[in-house]
$ cat work13.cif   # mmCIF, C-alpha atoms
data_my_file
#
loop_
_atom_site.label_atom_id
_atom_site.label_comp_id
_atom_site.auth_asym_id
_atom_site.auth_seq_id
_atom_site.Cartn_x
_atom_site.Cartn_y
_atom_site.Cartn_z
CA MET U 8 47.73 18.03 -14.84
CA THR U 9 50.69 15.86 -15.92
CA TYR U 10 51.33 13.52 -18.82
CA GLN U 11 52.84 10.06 -18.21
CA GLU U 12 53.22 8.04 -21.42
CA MET U 13 50.14 9.77 -22.84
CA LYS U 14 48.17 8.96 -19.71
CA VAL U 15 46.50 12.09 -18.35
CA THR U 16 46.29 12.63 -14.63
CA ILE U 17 43.51 15.04 -13.67
CA ALA U 18 44.04 16.57 -10.26
CA GLY U 19 40.78 17.18 -8.44
CA ASN U 20 38.22 16.04 -5.91
CA SER U 21 35.73 13.19 -6.33
CA LEU U 22 32.27 13.08 -4.80
CA THR U 23 28.91 11.38 -5.15
CA GLN U 24 25.93 13.37 -6.43
CA PHE U 25 22.52 11.71 -6.68
CA GLY U 26 24.25 8.34 -6.64
CA LYS U 27 26.68 9.23 -9.44
CA ARG U 28 30.44 9.65 -9.01
CA ILE U 29 31.76 13.04 -10.15
CA LEU U 30 35.28 14.43 -10.50
CA ILE U 31 35.64 18.20 -10.10
CA SER U 32 38.80 19.81 -11.41
CA GLN U 33 40.33 22.83 -13.10
CA ILE U 34 42.57 22.32 -16.12
CA GLN U 35 44.27 24.43 -18.76
CA PHE U 36 42.28 24.81 -21.93
CA SER U 37 45.11 23.41 -24.10
CA THR U 38 44.81 20.14 -22.20
CA LEU U 39 41.04 20.08 -22.36
CA GLU U 40 41.20 20.65 -26.11
CA ALA U 41 43.33 17.52 -26.46
CA ILE U 42 41.06 15.18 -24.49
CA PHE U 43 37.47 16.26 -25.17
CA GLU U 44 35.12 14.79 -27.77
CA VAL U 45 31.59 15.58 -29.01
CA ASP U 46 29.10 12.74 -29.45
CA GLU U 47 26.44 13.96 -31.87
CA ALA U 48 24.07 11.32 -30.55
CA VAL U 49 24.03 13.25 -27.27
CA GLN U 50 24.87 16.83 -28.26
CA ARG U 51 22.87 19.24 -30.39
CA LYS U 52 24.22 20.70 -33.63
CA LEU U 53 26.73 23.51 -33.19
CA ASP U 54 25.14 26.95 -33.61
CA LEU U 55 27.74 28.85 -35.64
CA ASN U 56 26.25 32.25 -34.86
CA ARG U 57 26.38 31.55 -31.14
CA ARG U 58 29.97 30.34 -31.43
CA THR U 59 30.89 33.54 -33.27
CA GLU U 60 29.20 35.70 -30.66
CA ILE U 61 31.09 34.00 -27.81
CA ARG U 62 34.35 34.09 -29.78
CA GLU U 63 34.07 37.85 -30.27
CA PHE U 64 33.41 38.24 -26.56
CA ILE U 65 36.51 36.17 -25.76
CA ILE U 66 38.77 38.11 -28.13
CA ASP U 67 37.53 41.45 -26.83
CA SER U 68 37.87 40.35 -23.21
CA VAL U 69 41.32 38.78 -23.45
CA SER U 70 42.72 41.99 -24.95
CA GLU U 71 41.40 44.05 -22.05
CA GLY U 72 41.50 41.75 -19.03
CA ASP U 73 39.87 38.59 -17.77
CA PHE U 74 36.61 36.80 -18.47
CA TYR U 75 34.71 34.09 -16.65
CA PHE U 76 32.73 31.01 -17.60
CA SER U 77 30.58 28.70 -15.51
CA PRO U 78 31.83 25.08 -15.16
CA PHE U 79 31.89 22.84 -18.23
CA ILE U 80 30.25 19.42 -17.81
CA PHE U 81 31.62 16.16 -19.25
CA SER U 82 31.12 12.40 -19.11
CA SER U 83 34.05 9.99 -19.07
CA ARG U 84 31.95 6.88 -19.80
CA GLY U 85 33.94 4.85 -17.31
CA ALA U 86 37.33 5.71 -18.82
CA ILE U 87 38.63 7.72 -15.85
CA GLN U 88 39.95 5.71 -12.95
CA GLU U 89 39.79 7.38 -9.56
CA VAL U 90 43.16 7.84 -7.81
CA PRO U 91 44.07 9.66 -4.57
CA VAL U 92 44.98 12.88 -6.44
CA GLY U 93 41.89 12.86 -8.67
CA GLY U 94 41.52 10.69 -11.78
CA GLU U 95 43.54 9.09 -14.56
CA LEU U 96 42.50 9.06 -18.22
CA PRO U 97 44.17 6.18 -20.15
CA PRO U 98 45.97 6.78 -23.48
CA GLY U 99 43.58 7.33 -26.37
CA SER U 100 40.54 7.89 -24.14
CA LYS U 101 38.33 10.96 -24.30
CA ILE U 102 35.81 12.80 -22.14
CA TYR U 103 32.51 13.71 -23.81
CA ILE U 104 31.07 17.19 -23.49
CA LEU U 105 27.55 17.59 -22.10
CA ASP U 106 27.49 21.32 -21.40
CA GLY U 107 29.94 23.90 -22.76
CA GLN U 108 30.17 22.91 -26.43
CA HIS U 109 29.79 26.45 -27.78
CA ARG U 110 32.21 27.92 -25.26
CA THR U 111 34.77 25.24 -26.07
CA TYR U 112 34.58 25.75 -29.82
CA ALA U 113 34.54 29.52 -29.34
CA LEU U 114 37.83 29.29 -27.43
CA ILE U 115 39.32 27.15 -30.20
CA SER U 116 38.07 29.62 -32.83
CA ALA U 117 39.41 32.60 -30.87
CA ILE U 118 42.89 31.07 -30.73
CA SER U 119 42.73 30.33 -34.47
CA HIS U 120 41.69 33.91 -35.29
CA LEU U 121 44.40 35.40 -33.09
CA ARG U 122 47.03 33.19 -34.75
CA ALA U 123 45.95 34.35 -38.20
CA TRP U 124 45.94 37.95 -37.02
CA LYS U 125 49.43 37.51 -35.51
CA GLU U 126 50.74 36.06 -38.78
CA THR U 127 49.40 39.06 -40.69
CA GLU U 128 51.10 41.48 -38.29
CA GLU U 129 54.40 39.60 -38.66
CA GLU U 130 54.18 39.74 -42.45
CA ILE U 131 53.81 43.52 -42.44
CA GLY U 132 56.62 43.91 -39.91
CA ASN U 133 54.49 44.96 -36.96
CA PHE U 134 56.32 42.75 -34.45
CA PRO U 135 55.23 44.58 -31.26
CA GLU U 136 51.57 43.92 -32.15
CA ALA U 137 52.41 40.32 -33.08
CA ALA U 138 54.03 39.84 -29.67
CA LYS U 139 50.94 41.25 -27.99
CA LEU U 140 48.74 38.82 -29.90
CA GLN U 141 51.00 35.92 -28.94
CA ASN U 142 50.53 36.85 -25.30
CA GLN U 143 46.77 36.70 -25.80
CA ILE U 144 47.07 33.31 -27.51
CA ASP U 145 49.15 31.98 -24.62
CA LYS U 146 46.61 33.34 -22.16
CA LEU U 147 43.78 31.46 -23.87
CA LYS U 148 45.79 28.24 -24.14
CA THR U 149 46.47 28.34 -20.41
CA TYR U 150 42.99 29.61 -19.51
CA PRO U 151 41.84 27.67 -16.41
CA VAL U 152 38.61 25.82 -17.19
CA THR U 153 36.58 24.47 -14.28
CA ILE U 154 35.16 21.07 -15.24
CA GLN U 155 32.72 18.62 -13.72
CA ILE U 156 33.14 15.07 -15.04
CA TYR U 157 30.53 12.35 -14.51
CA LEU U 158 32.51 9.13 -14.27
CA ASN U 159 30.02 6.35 -15.02
CA LEU U 160 26.96 7.60 -16.87
CA GLU U 161 25.20 5.45 -19.44
CA THR U 162 24.49 7.03 -22.84
CA HIS U 163 20.77 7.37 -22.10
CA GLU U 164 21.66 9.10 -18.81
CA GLU U 165 23.88 11.52 -20.73
CA ARG U 166 21.00 12.36 -23.03
CA GLN U 167 18.72 12.91 -20.05
CA LEU U 168 21.28 15.14 -18.33
CA PHE U 169 21.84 17.14 -21.51
CA ASN U 170 18.09 17.58 -21.87
CA ASP U 171 17.73 18.66 -18.24
CA ILE U 172 20.56 21.18 -18.54
CA ASN U 173 19.23 22.76 -21.71
CA THR U 174 15.46 22.66 -21.18
CA LYS U 175 14.74 22.70 -17.46
CA ARG U 176 17.16 25.27 -16.13
CA LYS U 177 15.85 28.82 -16.06
CA GLU U 178 17.77 31.68 -17.57
CA PRO U 179 18.37 34.67 -15.28
CA HIS U 180 15.89 37.49 -15.82
CA ASN U 181 16.98 40.53 -17.80
CA GLY U 182 17.62 42.63 -14.72
CA LEU U 183 20.32 40.28 -13.44
CA VAL U 184 21.77 39.87 -16.92
CA MET U 185 22.10 43.65 -17.17
CA LYS U 186 23.99 43.79 -13.88
CA TYR U 187 26.55 41.11 -14.64
CA ASP U 188 26.70 40.26 -18.36
CA GLN U 189 30.23 40.81 -19.70
CA ARG U 190 29.52 39.79 -23.28
CA ASP U 191 27.02 42.51 -24.14
CA GLU U 192 28.63 45.82 -25.10
CA TYR U 193 25.40 47.74 -24.62
CA ALA U 194 24.94 46.22 -21.16
CA GLU U 195 28.43 47.36 -20.19
CA LEU U 196 27.81 50.85 -21.56
CA THR U 197 24.49 50.99 -19.70
CA ARG U 198 26.16 50.12 -16.39
CA ASN U 199 28.79 52.81 -16.97
CA ILE U 200 26.17 55.46 -17.78
CA ALA U 201 24.05 54.44 -14.78
CA LYS U 202 27.08 54.93 -12.56
CA ILE U 203 27.55 58.45 -13.93
CA LEU U 204 23.86 59.27 -13.40
CA GLU U 205 23.38 57.63 -10.00
CA ASN U 206 23.22 60.98 -8.17
CA LYS U 207 20.91 62.57 -10.75
CA MET U 208 18.12 60.02 -11.18
CA GLU U 209 16.92 56.83 -9.57
CA ILE U 210 17.59 53.78 -11.73
CA GLU U 211 16.30 50.31 -10.91
CA SER U 212 19.32 48.01 -11.25
CA THR U 213 17.82 44.57 -10.62
CA LEU U 214 14.27 44.40 -11.93
CA SER U 215 13.72 44.49 -15.69
CA ARG U 216 10.24 45.99 -15.29
CA ILE U 217 8.92 48.50 -12.83
CA THR U 218 5.44 48.99 -11.43
CA VAL U 219 3.29 52.09 -11.59
CA SER U 220 4.14 52.90 -7.98
CA CYS U 221 7.93 52.48 -8.38
CA THR U 222 9.97 55.58 -7.56
CA ALA U 223 12.73 54.77 -10.09
CA LEU U 224 12.58 56.66 -13.38
CA THR U 225 13.89 53.78 -15.48
CA THR U 226 15.74 50.45 -15.36
CA LEU U 227 19.05 49.18 -16.71
CA THR U 228 17.12 46.99 -19.16
CA ILE U 229 15.15 49.94 -20.54
CA MET U 230 18.28 52.09 -20.72
CA ARG U 231 19.99 49.43 -22.81
CA ARG U 232 17.08 49.43 -25.26
CA CYS U 233 17.25 53.23 -25.39
CA LEU U 234 20.95 53.10 -26.29
CA ILE U 235 20.35 50.60 -29.09
CA ALA U 236 17.62 52.84 -30.51
CA LEU U 237 19.80 55.93 -30.06
CA PHE U 238 22.88 54.59 -31.84
CA GLU U 239 21.39 52.07 -34.28
CA GLY U 240 17.74 53.02 -34.70
CA ASN U 241 16.76 49.50 -33.65
CA VAL U 242 13.76 49.14 -31.32
CA THR U 243 13.58 45.33 -31.55
CA ALA U 244 15.74 42.67 -29.89
CA LYS U 245 19.48 43.14 -30.40
CA THR U 246 22.31 40.63 -30.05
CA GLY U 247 25.89 40.66 -31.23
CA LYS U 248 28.36 43.52 -31.43
CA ALA U 249 27.29 47.11 -30.93
CA ASN U 250 27.45 49.42 -33.94
CA TYR U 251 28.53 52.92 -32.95
CA GLY U 252 29.79 53.89 -36.39
CA ASP U 253 33.05 55.82 -36.22
CA MET U 254 32.42 57.31 -32.77
CA THR U 255 35.18 57.22 -30.18
CA LYS U 256 34.60 55.72 -26.74
CA ALA U 257 34.51 59.19 -25.19
CA GLU U 258 31.97 60.40 -27.76
CA ILE U 259 29.77 57.36 -27.10
CA ILE U 260 29.78 57.92 -23.34
CA ASN U 261 29.21 61.67 -23.65
CA THR U 262 26.34 61.23 -26.13
CA ALA U 263 24.65 58.52 -24.06
CA THR U 264 24.99 60.53 -20.86
CA ALA U 265 23.63 63.67 -22.52
CA PHE U 266 20.60 61.78 -23.82
CA PHE U 267 19.53 60.55 -20.38
CA GLU U 268 20.32 63.91 -18.78
CA SER U 269 18.04 65.56 -21.34
CA TRP U 270 15.14 63.76 -19.68
CA LEU U 271 15.66 65.95 -16.63
CA GLU U 272 15.22 68.98 -18.89
CA ILE U 273 12.10 67.96 -20.79
CA PHE U 274 10.16 65.75 -18.37
CA PRO U 275 7.81 67.22 -15.74
CA LYS U 276 9.02 67.60 -12.16
CA LYS U 277 6.97 64.60 -11.04
CA MET U 278 8.38 62.49 -13.86
CA THR U 279 8.09 59.21 -11.93
CA ASP U 280 4.36 59.73 -11.27
CA ARG U 281 3.17 57.17 -13.81
CA THR U 282 -0.47 57.66 -12.87
CA THR U 283 -0.36 61.23 -14.18
CA PHE U 284 2.58 61.28 -16.60
CA THR U 285 4.05 58.97 -19.26
CA SER U 286 7.68 59.97 -18.71
CA GLY U 287 8.33 56.85 -16.65
CA TYR U 288 7.00 54.46 -19.29
CA SER U 289 9.51 52.33 -21.20
CA GLY U 290 7.86 52.79 -24.61
CA ILE U 291 8.03 56.58 -24.30
CA GLN U 292 11.68 56.55 -23.22
CA ILE U 293 12.75 54.25 -26.07
CA ALA U 294 10.73 56.35 -28.54
CA LEU U 295 12.69 59.44 -27.49
CA ALA U 296 15.94 57.65 -28.30
CA GLN U 297 14.53 56.58 -31.65
CA THR U 298 13.49 60.18 -32.28
CA ILE U 299 17.06 61.42 -31.82
CA HIS U 300 18.34 58.75 -34.20
CA GLN U 301 15.77 59.71 -36.83
CA LEU U 302 16.45 63.45 -36.51
CA ARG U 303 20.17 62.88 -36.88
CA LYS U 304 19.74 60.59 -39.88
CA HIS U 305 17.05 62.56 -41.70
CA HIS U 306 18.50 66.03 -41.22
CA GLU U 307 22.17 64.96 -41.17
CA ILE U 308 22.89 66.73 -37.90
CA PRO U 309 25.10 65.73 -34.94
CA TYR U 310 23.68 64.03 -31.86
CA GLU U 311 24.17 67.18 -29.80
CA GLU U 312 22.10 69.29 -32.20
CA ALA U 313 19.37 66.65 -32.37
CA MET U 314 19.13 66.60 -28.57
CA ASN U 315 18.95 70.38 -28.49
CA HIS U 316 15.97 70.21 -30.85
CA MET U 317 14.35 67.64 -28.55
CA LEU U 318 14.06 70.40 -25.92
CA HIS U 319 11.07 71.67 -27.93
CA LEU U 320 9.10 68.82 -26.37
CA LYS U 321 9.38 70.48 -22.95
CA LYS U 322 6.58 72.85 -23.96
CA ALA U 323 5.12 70.98 -26.91
CA CYS U 324 4.23 67.88 -24.90
CA THR U 325 2.38 67.76 -21.57
CA TRP U 326 3.62 64.16 -21.01
CA LYS U 327 0.14 63.36 -19.70
CA HIS U 328 -1.58 60.22 -20.88
CA ASP U 329 -4.17 62.11 -22.93
CA ASP U 330 -1.65 64.28 -24.79
CA ALA U 331 -2.43 64.44 -28.51
CA LEU U 332 0.97 62.93 -29.33
CA TYR U 333 -0.25 59.66 -27.80
CA SER U 334 -3.51 59.39 -29.71
CA HIS U 335 -2.36 56.09 -31.25
CA ILE U 336 -1.86 54.43 -27.83
CA TYR U 337 -4.34 56.27 -25.60
CA ASP U 338 -7.25 54.28 -24.16
CA PRO U 339 -10.10 56.75 -23.40
CA LEU U 340 -11.91 54.20 -21.25
CA LYS U 341 -8.95 53.55 -18.97
CA LYS U 342 -7.70 57.11 -19.44
CA ARG U 343 -4.09 56.06 -19.90
CA VAL U 344 -1.74 54.88 -22.61
CA LYS U 345 -1.58 51.16 -23.27
CA ASN U 346 0.63 48.80 -25.31
CA HIS U 347 3.16 51.61 -25.46
CA SER U 348 6.22 49.33 -25.61
CA THR U 349 5.40 47.28 -28.72
CA THR U 350 7.66 47.82 -31.71
CA ASN U 351 4.87 49.41 -33.73
CA ALA U 352 3.82 51.71 -30.89
CA ILE U 353 7.39 52.88 -30.25
CA GLN U 354 7.91 53.66 -33.93
CA LYS U 355 4.64 55.61 -34.11
CA THR U 356 5.43 57.53 -30.92
CA ALA U 357 8.91 58.39 -32.23
CA LEU U 358 7.39 59.64 -35.49
CA ALA U 359 4.90 61.78 -33.56
CA PHE U 360 7.73 63.26 -31.47
CA LYS U 361 9.84 63.88 -34.59
CA ARG U 362 7.06 65.67 -36.47
CA LYS U 363 6.26 67.84 -33.47
CA ILE U 364 9.93 68.78 -33.06
CA GLU U 365 10.21 69.60 -36.78
CA GLN U 366 7.08 71.72 -36.54
CA GLU U 367 8.32 73.59 -33.48
CA GLY U 368 11.83 73.91 -34.91
CA GLY U 369 10.71 75.48 -38.16
CA TRP U 370 11.75 72.70 -40.53
CA LEU U 371 9.68 73.35 -43.65
CA HIS U 372 10.10 70.06 -45.54
CA ASP U 373 8.00 67.11 -44.54
CA SER U 374 9.57 64.31 -42.54
CA LYS U 375 10.02 60.79 -43.82
#

$ encode --input "work13.cif" --output "structure tokens"
Amino acid sequence: MTYQEMKVTIAGNSLTQFGKRILISQIQFSTLEAIFEVDEAVQRKLDLNRRTEIREFIIDSVSEGDFYFSPFIFSSRGAIQEVPVGGELPPGSKIYILDGQHRTYALISAISHLRAWKETEEEIGNFPEAAKLQNQIDKLKTYPVTIQIYLNLETHEERQLFNDINTKRKEPHNGLVMKYDQRDEYAELTRNIAKILENKMEIESTLSRITVSCTALTTLTIMRRCLIALFEGNVTAKTGKANYGDMTKAEIINTATAFFESWLEIFPKKMTDRTTFTSGYSGIQIALAQTIHQLRKHHEIPYEEAMNHMLHLKKACTWKHDDALYSHIYDPLKKRVKNHSTTNAIQKTALAFKRKIEQEGGWLHDSK
């Protein structure tokens, strides 16, 4: 992209899609920032929490490597004139964002935060860190953004397109998100742990749910929920940054790996036989993670010690559907557990596991 007397030339390819002319290009973010505009009559209100979440992802990613976004979509409202090399945007004209508002403002916010951080490092004399932050700022300013610009949409067509983009497209199911999501720290940790365990247990990497006849012990989606329960004690939906306390990366990986490996110690040999045993059920697996968290918190013991105590369940639980520990979720008519993965059921199962472990381990005081 070049500037000629404030006229912006956008190099790219033009085509017709459903009777509408479109310019496809890739430009540096610093240039996009200078020429884009938001029309509140077309766009929704900015979600500050979502912007923050994306900003944190950007800052984390730019310090470690690269990150990727899908194409941003704009409308030029007739301002761009097609030329052989792409399109020309006259002085003072703007392109209006239809899809990518939160990503755009997150990039702007990330640059602002890094600048403030850099200034702080300079003031305390930490110039090597300031130089590193400047490199990250430069990387974001020159970040190549793929854009798709509709050249001649009417305002009502923009509203329709915005509505179609945000209400009619389907989000990828959790299994695919777990395989490819770069923004979610727990998803990344889950993929790393699954790689370590790939020769020890079968893990379903695409589907978010598994059937009774599936030979996999668990899924990436279930493993992620286990990790959130293990480290944070949260068995509900989780977004935003992971909270590992003051644990190092090595400690996090070792603890997570040890937790899933402990399944091989306490579960029956036919642990994936869901007709006979509950060990392959998501609610039971998440409850075990919650149990470790509760033991560690209540008795102020390390993760390793808590997992050692969990070995009591190898003999104290049959893992069959009619085991007394599952009395709150067992259906005597169907002769199996049901609704095991609800928040309430997981919490009750974890409490049952915890009390049994405390009983077997000789803890005299009652549990909370």

$ residues_around --input "work13.cif" --residues "Ala117 (chain U)" --least-positions-apart "6" --cutoff "12 Å" --atoms "all atoms listed in the file" --output "list in words"
Arg58, Thr59, Glu60, Ile61, Arg62, Glu63, Phe64, Ile65, Ile66, Asp67, Ser68, Val69, Ser70, His109, Arg110, Thr111, Ala123, Trp124, Leu140, Gln143, Ile144, Asp145, Lys146, Leu147 and Lys148 of chain U

$ resolve_selection --input "work13.cif" --expression "the PyMOL selection byres ((chain U and resi 336) around 9)" --output "number ranges by chain"
U: 333-335, 337-338, 343-347, 352, 356

$ resolve_selection --input "work13.cif" --expression "the PyMOL selection byres ((chain U and resi 288-303) around 7)" --output "list in words"
Ile229, Arg232, Cys233, Ala236, Leu237, Phe238, Gly240, Thr285, Ser286, Gly287, Lys304, His305, His306, Glu307, Ile308, Pro309, Tyr310, Ala313, Met314, His347, Ser348, Ile353, Gln354, Thr356, Ala357, Leu358, Phe360 and Lys361 of chain U

$ atom_distance --input "work13.cif" --atom1 "CA of Phe79 (chain U)" --atom2 "CA of Gln33 (chain U)"
9.9 Å

$ residues_around --input "work13.cif" --residues "Pro275 (chain U)" --least-positions-apart "3" --cutoff "10 Å" --atoms "all atoms listed in the file" --output "PDB file with C-alpha atoms, in the coordinates of the input"
ATOM      1  CA  TRP U 270      15.140  63.760 -19.680  1.00  0.00           C
ATOM      2  CA  LEU U 271      15.660  65.950 -16.630  1.00  0.00           C
ATOM      3  CA  GLU U 272      15.220  68.980 -18.890  1.00  0.00           C
ATOM      4  CA  MET U 278       8.380  62.490 -13.860  1.00  0.00           C
ATOM      5  CA  THR U 279       8.090  59.210 -11.930  1.00  0.00           C
ATOM      6  CA  ASP U 280       4.360  59.730 -11.270  1.00  0.00           C
ATOM      7  CA  PHE U 284       2.580  61.280 -16.600  1.00  0.00           C
ATOM      8  CA  THR U 285       4.050  58.970 -19.260  1.00  0.00           C
ATOM      9  CA  SER U 286       7.680  59.970 -18.710  1.00  0.00           C
ATOM     10  CA  LYS U 321       9.380  70.480 -22.950  1.00  0.00           C
ATOM     11  CA  CYS U 324       4.230  67.880 -24.900  1.00  0.00           C
ATOM     12  CA  THR U 325       2.380  67.760 -21.570  1.00  0.00           C
ATOM     13  CA  TRP U 326       3.620  64.160 -21.010  1.00  0.00           C
ATOM     14  CA  LYS U 327       0.140  63.360 -19.700  1.00  0.00           C
TER      15      LYS U 327
END

$ closest_residue --input "work13.cif" --among "U:Gln155, U:Ser119, U:Thr16, U:Asn315" --to "Gln141 (chain U)" --atoms "only C-alpha atoms"
U:Ser119

$ atom_distance --input "work13.cif" --atom1 "CA of Ser37 (chain U)" --atom2 "CA of Lys52 (chain U)"
23.1 Å

$ residues_near_point --input "work13.cif" --point "(7.8, 70.7, -30.6)" --cutoff "12 Å" --atoms "only C-alpha atoms" --output "list in words"
Ile273, Asn315, His316, Met317, Leu318, His319, Leu320, Lys321, Lys322, Ala323, Cys324, Thr325, Leu332, Ala359, Phe360, Lys361, Arg362, Lys363, Ile364, Glu365, Gln366, Glu367, Gly368, Gly369 and Trp370 of chain U

$ closest_residue --input "work13.cif" --among "U:Asn133, U:Thr127, U:Gln108, U:Asn142" --to "Asp54 (chain U)" --atoms "all atoms listed in the file"
U:Gln108

$ resolve_selection --input "work13.cif" --expression "the PyMOL selection byres ((chain U and resi 158) around 10)" --output "PyMOL selection string"
chain U and resi 21+27-30+81-89+94+102+155-157+159-161

$ residues_around --input "work13.cif" --residues "region 247-260 of chain U" --least-positions-apart "2" --cutoff "7 Å" --atoms "only C-alpha atoms" --output "MDAnalysis selection string"
chainID U and resid 60 192:193 238:239 245 262:264

$ closest_residue --input "work13.cif" --among "U:Pro151, U:Lys207, U:Pro135, U:Leu196" --to "Asp73 (chain U)" --atoms "only C-alpha atoms"
U:Pro151

$ atom_distance --input "work13.cif" --atom1 "CA of Phe36 (chain U)" --atom2 "CA of Glu136 (chain U)"
23.6 Å

$ residues_near_point --input "work13.cif" --point "(22.0, 52.3, -9.7)" --cutoff "12 Å" --atoms "all atoms listed in the file" --output "PyMOL selection string"
chain U and resi 182+185-186+197-214+223-228+230

$ closest_residue --input "work13.cif" --among "U:Leu340, U:Thr350, U:Leu39, U:Lys139" --to "Glu71 (chain U)" --atoms "all atoms listed in the file"
U:Lys139

$ closest_residue --input "work13.cif" --among "U:Leu22, U:Ile115, U:Leu53, U:Val92" --to "Glu40 (chain U)" --atoms "all atoms listed in the file"
U:Ile115

$ decode --input "work13.cif" --residues "region 298-311 of chain U" --atoms "N, CA, C and O atoms" --output "compact mmCIF listing (two decimals), in the first residue's frame"
# COMPACT_ATOMS: atom_id res chain seq x y z
N THR U 298 -12.22 -33.14 43.15
CA THR U 298 -11.84 -33.77 44.41
C THR U 298 -10.42 -33.42 44.81
O THR U 298 -10.14 -33.08 45.96
N ILE U 299 -9.50 -33.49 43.86
CA ILE U 299 -8.10 -33.15 44.12
C ILE U 299 -8.00 -31.69 44.57
O ILE U 299 -7.27 -31.37 45.52
N HIS U 300 -8.70 -30.82 43.87
CA HIS U 300 -8.67 -29.40 44.24
C HIS U 300 -9.17 -29.20 45.66
O HIS U 300 -8.58 -28.44 46.44
N GLN U 301 -10.26 -29.88 46.02
CA GLN U 301 -10.84 -29.71 47.35
C GLN U 301 -9.93 -30.28 48.44
O GLN U 301 -9.77 -29.68 49.51
N LEU U 302 -9.32 -31.44 48.17
CA LEU U 302 -8.40 -32.03 49.14
C LEU U 302 -7.22 -31.10 49.40
O LEU U 302 -6.80 -30.89 50.54
N ARG U 303 -6.69 -30.56 48.33
CA ARG U 303 -5.53 -29.66 48.44
C ARG U 303 -5.90 -28.40 49.22
O ARG U 303 -5.14 -27.95 50.08
N LYS U 304 -7.07 -27.85 48.92
CA LYS U 304 -7.48 -26.61 49.58
C LYS U 304 -7.86 -26.83 51.03
O LYS U 304 -7.45 -26.07 51.92
N HIS U 305 -8.63 -27.88 51.29
CA HIS U 305 -9.14 -28.12 52.65
C HIS U 305 -8.04 -28.56 53.60
O HIS U 305 -7.96 -28.10 54.75
N HIS U 306 -7.16 -29.44 53.14
CA HIS U 306 -6.13 -29.99 54.02
C HIS U 306 -4.77 -29.33 53.83
O HIS U 306 -3.80 -29.73 54.48
N GLU U 307 -4.71 -28.32 52.92
CA GLU U 307 -3.49 -27.56 52.70
C GLU U 307 -2.30 -28.49 52.40
O GLU U 307 -1.26 -28.44 53.04
N ILE U 308 -2.52 -29.34 51.41
CA ILE U 308 -1.49 -30.29 50.99
C ILE U 308 -1.15 -30.06 49.53
O ILE U 308 -1.95 -29.49 48.78
N PRO U 309 0.02 -30.49 49.07
CA PRO U 309 0.40 -30.31 47.67
C PRO U 309 -0.44 -31.21 46.75
O PRO U 309 -1.06 -32.18 47.20
N TYR U 310 -0.42 -30.88 45.47
CA TYR U 310 -1.15 -31.68 44.49
C TYR U 310 -0.69 -33.14 44.53
O TYR U 310 -1.52 -34.07 44.47
N GLU U 311 0.60 -33.35 44.61
CA GLU U 311 1.13 -34.72 44.59
C GLU U 311 0.57 -35.54 45.74
O GLU U 311 0.17 -36.70 45.55
